[in-house]
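> mmCIF, C-alpha atoms, saved as query.cif, coming up:
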```
data_final
#
loop_
_atom_site.label_atom_id
_atom_site.label_comp_id
_atom_site.auth_asym_id
_atom_site.auth_seq_id
_atom_site.Cartn_x
_atom_site.Cartn_y
_atom_site.Cartn_z
CA MET A 29 116.55 81.72 116.16
CA ASP A 30 113.62 83.07 114.16
CA GLN A 31 113.59 80.90 111.03
CA GLU A 32 110.97 83.03 109.24
CA LEU A 33 113.02 86.19 109.77
CA PHE A 34 116.15 84.45 108.51
CA GLU A 35 114.37 83.23 105.35
CA LEU A 36 112.84 86.66 104.66
CA CYS A 37 116.28 88.28 104.96
CA ILE A 38 117.66 85.73 102.46
CA GLU A 39 114.84 86.52 100.00
CA VAL A 40 115.37 90.28 100.24
CA HIS A 41 119.15 89.84 99.87
CA LYS A 42 118.60 87.74 96.70
CA ARG A 43 116.57 90.59 95.22
CA PHE A 44 118.91 93.37 96.44
CA PRO A 45 122.46 92.04 96.81
CA GLY A 46 123.66 95.63 97.15
CA TRP A 47 121.71 96.01 100.37
CA ASN A 48 124.54 94.47 102.37
CA ASP A 49 125.71 97.35 104.54
CA THR A 50 123.83 96.37 107.70
CA LEU A 51 125.53 96.38 111.09
CA ALA A 52 124.66 92.76 111.82
CA CYS A 53 124.28 89.72 109.61
CA TRP A 54 123.21 86.12 109.74
CA GLU A 55 126.30 83.97 109.53
CA ARG A 56 126.68 80.30 108.79
CA THR A 57 129.80 78.22 108.35
CA ALA A 58 130.15 77.36 104.66
CA GLY A 59 129.61 73.74 103.73
CA ILE A 60 127.26 73.07 106.65
CA PRO A 61 123.82 74.01 105.26
CA GLU A 62 121.95 72.34 108.10
CA GLY A 63 123.90 74.32 110.70
CA GLU A 64 121.82 76.93 112.48
CA PRO A 65 122.77 80.48 111.47
CA TYR A 66 123.75 82.91 114.16
CA ILE A 67 123.96 86.69 114.35
CA ALA A 68 127.40 88.22 113.80
CA TYR A 69 128.74 91.77 113.78
CA PRO A 70 131.48 91.95 111.10
CA GLU A 71 132.56 95.51 111.90
CA LEU A 72 133.04 94.69 115.57
CA GLU A 73 134.87 91.49 114.69
CA ARG A 74 137.29 93.44 112.50
CA LEU A 75 137.70 96.15 115.12
CA TYR A 76 138.58 93.71 117.89
CA GLY A 77 140.49 91.23 115.73
CA LEU A 78 137.91 88.49 116.09
CA TRP A 79 137.50 88.07 112.35
CA GLY A 80 137.66 84.42 111.31
CA THR A 81 138.53 83.08 107.91
CA GLN A 82 136.16 84.93 105.56
CA GLU A 83 135.92 82.14 102.99
CA LEU A 84 134.63 79.73 105.63
CA LYS A 85 131.56 81.85 106.31
CA THR A 86 128.45 82.71 104.36
CA ARG A 87 126.62 85.86 105.36
CA THR A 88 123.17 87.30 104.84
CA PRO A 89 122.35 90.82 106.04
CA LEU A 90 120.19 91.03 109.15
CA TYR A 91 117.92 93.87 108.10
CA THR A 92 116.37 96.21 110.64
CA THR A 93 113.16 98.19 110.53
CA ASP A 94 115.14 101.45 110.34
CA TYR A 95 117.24 100.15 107.45
CA LEU A 96 114.21 99.14 105.39
CA LEU A 97 112.30 102.34 106.15
CA GLU A 98 115.21 104.29 104.68
CA LYS A 99 115.27 102.10 101.56
CA LEU A 100 111.53 102.07 100.80
CA PRO A 101 109.96 105.01 98.98
CA GLN A 102 107.71 107.25 101.07
CA ASP A 103 105.08 107.18 98.35
CA LEU A 104 104.35 104.81 95.51
CA VAL A 105 103.18 106.36 92.26
CA ASN A 106 101.10 103.97 90.19
CA ASP A 107 98.79 104.91 87.30
CA ASN A 108 99.26 108.61 88.12
CA GLU A 109 98.03 108.06 91.67
CA VAL A 110 100.12 108.67 94.77
CA HIS A 111 99.89 105.99 97.44
CA PRO A 112 101.44 106.94 100.82
CA PHE A 113 103.41 104.35 102.77
CA THR A 114 101.69 102.77 105.79
CA LEU A 115 102.90 100.51 108.56
CA TYR A 116 100.34 99.69 111.18
CA ARG A 117 99.14 97.14 113.68
CA GLY A 118 95.89 95.37 112.97
CA LYS A 119 92.93 96.71 114.89
CA TYR A 120 91.71 93.40 116.25
CA SER A 121 94.86 91.33 116.13
CA LYS A 122 98.48 91.57 117.08
CA GLN A 123 99.54 91.40 113.45
CA TRP A 124 101.51 94.05 111.59
CA LEU A 125 100.80 95.19 108.02
CA ALA A 126 102.93 97.25 105.67
CA GLY A 127 101.93 98.62 102.31
CA TYR A 128 100.90 101.66 100.33
CA GLU A 129 97.47 103.11 101.00
CA GLY A 130 95.05 102.33 98.19
CA TYR A 131 97.55 100.10 96.35
CA PHE A 132 96.89 96.39 96.53
CA GLY A 133 99.80 95.07 94.46
CA GLY A 134 102.03 95.16 97.54
CA GLN A 135 102.02 93.11 100.68
CA ASN A 136 98.97 92.79 102.86
CA ASP A 137 100.04 89.53 104.50
CA PRO A 138 99.98 90.03 108.29
CA SER A 139 103.20 89.52 110.25
CA ASP A 140 104.00 89.18 113.92
CA THR A 141 106.60 92.00 113.83
CA PRO A 142 106.97 95.28 111.91
CA LEU A 143 110.31 94.04 110.51
CA LYS A 144 108.76 90.95 108.94
CA ALA A 145 105.94 93.08 107.49
CA LEU A 146 108.51 95.36 105.83
CA LEU A 147 110.56 92.44 104.49
CA LYS A 148 107.42 90.91 102.98
CA LEU A 149 106.54 94.28 101.46
CA VAL A 150 109.94 94.59 99.78
CA ILE A 151 109.61 91.09 98.32
CA ALA A 152 106.04 91.73 97.10
CA LEU A 153 106.95 95.08 95.53
CA VAL A 154 109.91 93.62 93.65
CA ASP A 155 107.84 90.67 92.46
CA ALA A 156 105.08 93.07 91.30
CA GLY A 157 107.65 95.18 89.42
CA GLU A 158 107.04 98.24 91.61
CA LEU A 159 110.49 98.37 93.22
CA SER A 160 113.49 98.14 90.93
CA ARG A 161 116.51 96.11 91.84
#
```
Output the structure of this file as structure tokens.

Amino acid sequence: MDQELFELCIEVHKRFPGWNDTLACWERTAGIPEGEPYIAYPELERLYGLWGTQELKTRTPLYTTDYLLEKLPQDLVNDNEVHPFTLYRGKYSKQWLAGYEGYFGGQNDPSDTPLKALLKLVIALVDAGELSR
């Protein structure tokens, strides 16, 4: 399990509880906080009758790159300037960066995957007041 990805998904879900319509989610049995979360597919569970007792489970959306790209604005307008969205791989490293060109209030913290870069961007934009809840 990727602990950093799990924690980033929790942080985004705290800021956007309405962003809970993902296909997969992190699931953990309630009352066992130290238990390792696992990936579950609620829609498939319901379809095939594998659904357990809902109240015994806590769920956090497992966001995908596609999901976040649809949620983030294409451009960020700040101080009457338009900043286009960028997601790119570092030139000399294997790190990913996401942000808005020419805007430094968002995330510029490198990540090892595009998904983590986008999750960090969402968190940074909300914390900077640039993305409303």
> Using the chain letters and numbers from the file, which residues does the PyMOL selection byres ((chain A and resi 96) around 12) grab, as JSON, numbers by chain?
{"A": [37, 40, 41, 44, 47, 48, 49, 50, 89, 90, 91, 92, 93, 94, 95, 97, 98, 99, 100, 101, 102, 115, 126, 142, 143, 144, 145, 146, 147, 148, 149, 150, 151]}
> Please enumerate the residues selected by the PyMOL selection byres ((chain A and resi 103) around 10) when evaluated against the supplied file, formatted as a PyMOL selection string.
chain A and resi 100-102+104-106+109-114+127-129
> Looking at A:Pro138, A:Ala152, A:Gln31, A:Ile38, which one is nearest to A:Ser121, with distances taken over only C-alpha atoms?
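Ranked by minimum distance to A:Ser121, first place goes to A:Pro138.
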> For A:Lys122, list every protein, DNA or RNA residue within 10 Å, evaluated using only C-alpha atoms, and leave out those in the same chain fewer than 3 positions away; present the list as a list in words.
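Once the adjacent positions are removed, what remains is Arg117, Gly118, Lys119, Pro138, Ser139, Asp140 and Thr141 of chain A.
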> What does the distance from atom CA of A:Gln123 to atom CA of A:Leu51 come to in Å, to one decimal?
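Between atom CA of A:Gln123 and atom CA of A:Leu51 the gap works out to 26.6 Å.
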> Would you mind reading off the distance between atom CA of A:Asn108 and atom CA of A:Tyr131, one decimal, in Å?
12.0 Å
